[in-house]
Amino acid sequence: MVVMRGEMWGQFGSAVASFMFIWAMVNQYFPHYLRASIETRFKKLANYFNPYVRITFHEFSGDRMKRSEAYKSIENYLGSRSTKQAKRLKGDVNQENHSLVLTMDDHEEVTDEHEGIKFKWASTKTVRESKSITFSPPQDEKRSYRLTFHAKHRKTATETYLDRVLREGREIGTRKRQRKLYTNSPSDSYGFKRTTWSHIVFEHRATFDTLAMDPKKKKEIMDDLVTFSKAKDYYARIGKAWKRGYLLYGPPGTGKSTMIAAIANFLNYDVYDVELTAVKNNTDLRKLLIETSSKSVIVLEDIDCSLELTGQRENRDEEKKEEGQEIKKDGAQEKEDKKKGGVTLSGLLNFIDGLWSASGGERLIVFTTNHVEKLDPALIRRGRMDRHIEMSYCDFEAFKVLAKNYLGLESHPLFGAIRGLLEEVDMTPADVAENLMPKTVAEDAGVCLGILIEALENAKEEARKKLGEKEEKLEAEQGQEEEKAMLTKKKKKKEKRESNGKG
């Protein structure tokens, strides 16, 4: 019996070796098209005798342009099952609650059961190394999940089992979801990292309750956000992409970034912070948009400082006119900008509300600027930036929010003096907050309010001095103009007398 088994395995090994030899000869001497034909026919023959069906779910869809929602749901679904069955696991720490998270490692398998039927899941990864010579060779990693089941269970698998997997996976993802703060990688690194975004856990604690702003204005913004978040069917009915644009403008230190954090926390959205100077061209900007998720806030801070695209076209034309240069039409100027490289105004406009902006839903696009007058009108018109919110200097209502946040006060005898000073002095919420913050353990609420009053009085005195200097300067300039006019008048009289004398 043992001899027969040895002979059987020997014959099997010889057959495999022969097949490998023949296949090597085919690969070496047969043309590519003939090899492909043979391979296709061989697979068909193997599938004819194979009773199992395989379904593959790739991590990325659309030529790596967007991470598959199905893949993420399957990953969530298999998470708990893999910890019970898989022998090789990947470990990580949940940064929100610092708990251990275990997931199935690459090339691992687990078995799931549904209606008495067994389904086998396997995680796969293929790596294709670049042939280019570099110290960090780019790698194209492709991950996928492969589902295997018997062909007789095809109907159950496609009609009920997969629906259950995707549904439960989405529910698990919602329960364990950590909001993230994303930043875009430099365009030149896309080929190596194969990702356009990197992220950390979003941990900013700002809320509308702690935001230093007039309560009525805050309520208007919150009502607008709630209406937007529930308007999926409305946007579909009117034929518009489910997105909304916010323009936050005002002096530095007035709370624009804090407002963005409060919006993200209020809606439970992720935040994508776009650094335009790291984007190579309009195409890469479009890739960034495609790889953003729904339920997100896409932020372009200090848009007036990001690139030259914010300079108004009228100003550029005026400068060229003064220099005697040819004024090009918008299309010609756009072509010239493209030749120089970088993101153009047209590219940014398409990013906001072009065809590609509809590739997803429930997104807020937020611009911030310290100088709204510098922005091109086409960039901030209604329909692109739907709501313009002025973030202004601190008033008394905003001060009361800060006093409650920093000192736990809702009233104090010094509030009256502060109200009067805030009506006369322009001070940003950031400066007010800094003066209210205790610097030592001994400083109580009264001391901090006194420090703020002193800062406001100093600011008032400084503003008074600047106003006096400005008035003196204007008076001096006016006196010079009057003196110049008088000299001109005397000169004309003298010329007139001399002319009459000659006559």
# chains A, B, ... in the order shown; residues from 1 in each chain; ligands from 1
>>> select_by_dssp(residues="range 248-451 of chain A", states="strand (DSSP E)", output="NGL selection string")
:A and (248-249 or 270-273 or 296-300 or 363-369 or 387-390)
>>> select_by_dssp(residues="range 170-388 of chain A", states="helix (DSSP H, G or I)", output="VMD selection string")
chain A and resid 170 to 176 187 to 193 215 to 229 232 to 238 256 to 267 276 to 278 282 to 290 303 to 306 308 to 310 313 to 322 330 to 340 345 to 353 355 to 358 372 to 374 377 to 380
>>> closest_residue(among="A:Phe396, A:Tyr269, A:Tyr234, A:Phe351", to="Ile290 in chain A", atoms="only C-alpha atoms")
A:Phe351
>>> residues_around(residues="range 384-394 of chain A", least_positions_apart="3", cutoff="7 Å", atoms="only C-alpha atoms", output="list in words")
Arg244, Gly245, Tyr246, Leu247, Leu248, Tyr249, Gly250, Pro251, Thr254, Gly255, Lys256, Ile352, Asp353, Leu379, Ile380, Arg381, Ala398, Phe399, Asp426, Met427, Thr428 and Pro429 of chain A
>>> write_last_selection(atoms="C-alpha atoms", output="PDB file, in the first residue's frame")
ATOM      1  CA  ARG A 244     -22.639  73.929  -0.592  1.00  0.00           C
ATOM      2  CA  GLY A 245     -20.009  76.657  -0.565  1.00  0.00           C
ATOM      3  CA  TYR A 246     -19.074  78.831   2.419  1.00  0.00           C
ATOM      4  CA  LEU A 247     -16.838  81.898   2.229  1.00  0.00           C
ATOM      5  CA  LEU A 248     -15.411  82.967   5.594  1.00  0.00           C
ATOM      6  CA  TYR A 249     -13.744  86.367   5.473  1.00  0.00           C
ATOM      7  CA  GLY A 250     -12.395  88.835   7.982  1.00  0.00           C
ATOM      8  CA  PRO A 251      -9.188  90.003   9.694  1.00  0.00           C
ATOM      9  CA  THR A 254     -11.447  86.382  14.061  1.00  0.00           C
ATOM     10  CA  GLY A 255     -12.118  82.628  14.283  1.00  0.00           C
ATOM     11  CA  LYS A 256     -12.289  81.384  10.688  1.00  0.00           C
ATOM     12  CA  ILE A 352     -15.844  73.935  -7.081  1.00  0.00           C
ATOM     13  CA  ASP A 353     -18.802  73.411  -9.398  1.00  0.00           C
ATOM     14  CA  LEU A 379     -14.605  82.584  -7.655  1.00  0.00           C
ATOM     15  CA  ILE A 380     -17.015  83.727  -4.945  1.00  0.00           C
ATOM     16  CA  ARG A 381     -20.261  84.345  -6.789  1.00  0.00           C
ATOM     17  CA  ALA A 398     -18.871  87.213  21.538  1.00  0.00           C
ATOM     18  CA  PHE A 399     -17.018  88.367  24.657  1.00  0.00           C
ATOM     19  CA  ASP A 426     -11.497  96.820  17.390  1.00  0.00           C
ATOM     20  CA  MET A 427      -9.990  93.710  19.009  1.00  0.00           C
ATOM     21  CA  THR A 428     -10.126  90.206  17.568  1.00  0.00           C
ATOM     22  CA  PRO A 429     -11.619  87.295  19.535  1.00  0.00           C
TER      23      PRO A 429
END
>>> closest_residue(among="A:Ala417, A:Val425, A:Ala445, A:Ile22", to="Glu461 in chain A", atoms="only C-alpha atoms")
A:Val425
>>> closest_residue(among="A:Phe202, A:Trp121, A:Phe415, A:Phe49", to="Leu162 in chain A", atoms="only C-alpha atoms")
A:Trp121
>>> atom_distance(atom1="CA of Asn458 in chain A", atom2="CA of Glu423 in chain A")
14.5 Å
>>> atom_distance(atom1="CA of Thr83 in chain A", atom2="CA of Leu102 in chain A")
6.4 Å
>>> residues_around(residues="Gln85 in chain A", least_positions_apart="6", cutoff="10 Å", atoms="only C-alpha atoms", output="MDAnalysis selection string")
chainID A and resid 104 108:112
>>> atom_distance(atom1="CA of Lys125 in chain A", atom2="CA of Asp106 in chain A")
6.2 Å
>>> residues_around(residues="Ser293 in chain A", least_positions_apart="5", cutoff="10 Å", atoms="only C-alpha atoms", output="count of residues only")
13
>>> closest_residue(among="A:Leu78, A:Ile55, A:Leu211, A:Leu345", to="Arg146 in chain A", atoms="only C-alpha atoms")
A:Ile55
>>> residues_around(residues="Thr227 in chain A", least_positions_apart="4", cutoff="12 Å", atoms="only C-alpha atoms", output="list in words")
Glu220, Ile221, Met222, Asp223, Ala231, Lys232, Asp233, Tyr234, Tyr235, Trp242, Lys243, Arg244, Leu267 and Glu362 of chain A
>>> write_last_selection(atoms="C-alpha atoms", output="PDB file, in the first residue's frame")
ATOM      1  CA  GLU A 220     -28.676  81.065  11.299  1.00  0.00           C
ATOM      2  CA  ILE A 221     -25.545  79.148  10.285  1.00  0.00           C
ATOM      3  CA  MET A 222     -26.551  76.022  12.238  1.00  0.00           C
ATOM      4  CA  ASP A 223     -30.034  76.037  10.688  1.00  0.00           C
ATOM      5  CA  ALA A 231     -31.513  67.925   1.544  1.00  0.00           C
ATOM      6  CA  LYS A 232     -30.359  64.910  -0.508  1.00  0.00           C
ATOM      7  CA  ASP A 233     -33.726  64.415  -2.204  1.00  0.00           C
ATOM      8  CA  TYR A 234     -34.148  68.146  -2.752  1.00  0.00           C
ATOM      9  CA  TYR A 235     -30.816  68.511  -4.546  1.00  0.00           C
ATOM     10  CA  TRP A 242     -25.305  67.891  -3.237  1.00  0.00           C
ATOM     11  CA  LYS A 243     -22.743  70.446  -2.061  1.00  0.00           C
ATOM     12  CA  ARG A 244     -22.639  73.929  -0.592  1.00  0.00           C
ATOM     13  CA  LEU A 267     -22.234  67.740  11.208  1.00  0.00           C
ATOM     14  CA  GLU A 362     -22.896  65.846   0.989  1.00  0.00           C
TER      15      GLU A 362
END
>>> residues_around(residues="His107 in chain A", least_positions_apart="2", cutoff="10 Å", atoms="only C-alpha atoms", output="list of chain:residue names")
A:Arg88, A:Met104, A:Asp105, A:Glu109, A:Ala122, A:Ser123, A:Thr124, A:Lys125, A:Thr126, A:Arg143, A:Ser144, A:Tyr145
>>> write_last_selection(atoms="C-alpha atoms", output="tab-separated table (two decimals), in the first residue's frame")
chain	number	residue	atom	x	y	z
A	88	ARG	CA	-2.25	36.13	11.04
A	104	MET	CA	-7.11	40.27	8.83
A	105	ASP	CA	-3.58	40.28	7.42
A	109	GLU	CA	-8.52	33.37	4.87
A	122	ALA	CA	-9.48	35.68	1.37
A	123	SER	CA	-7.47	38.90	1.45
A	124	THR	CA	-4.97	39.35	-1.37
A	125	LYS	CA	-2.25	41.85	-2.22
A	126	THR	CA	-0.14	42.15	-5.35
A	143	ARG	CA	-5.40	44.86	-2.45
A	144	SER	CA	-8.64	42.95	-2.79
A	145	TYR	CA	-11.02	40.58	-1.02
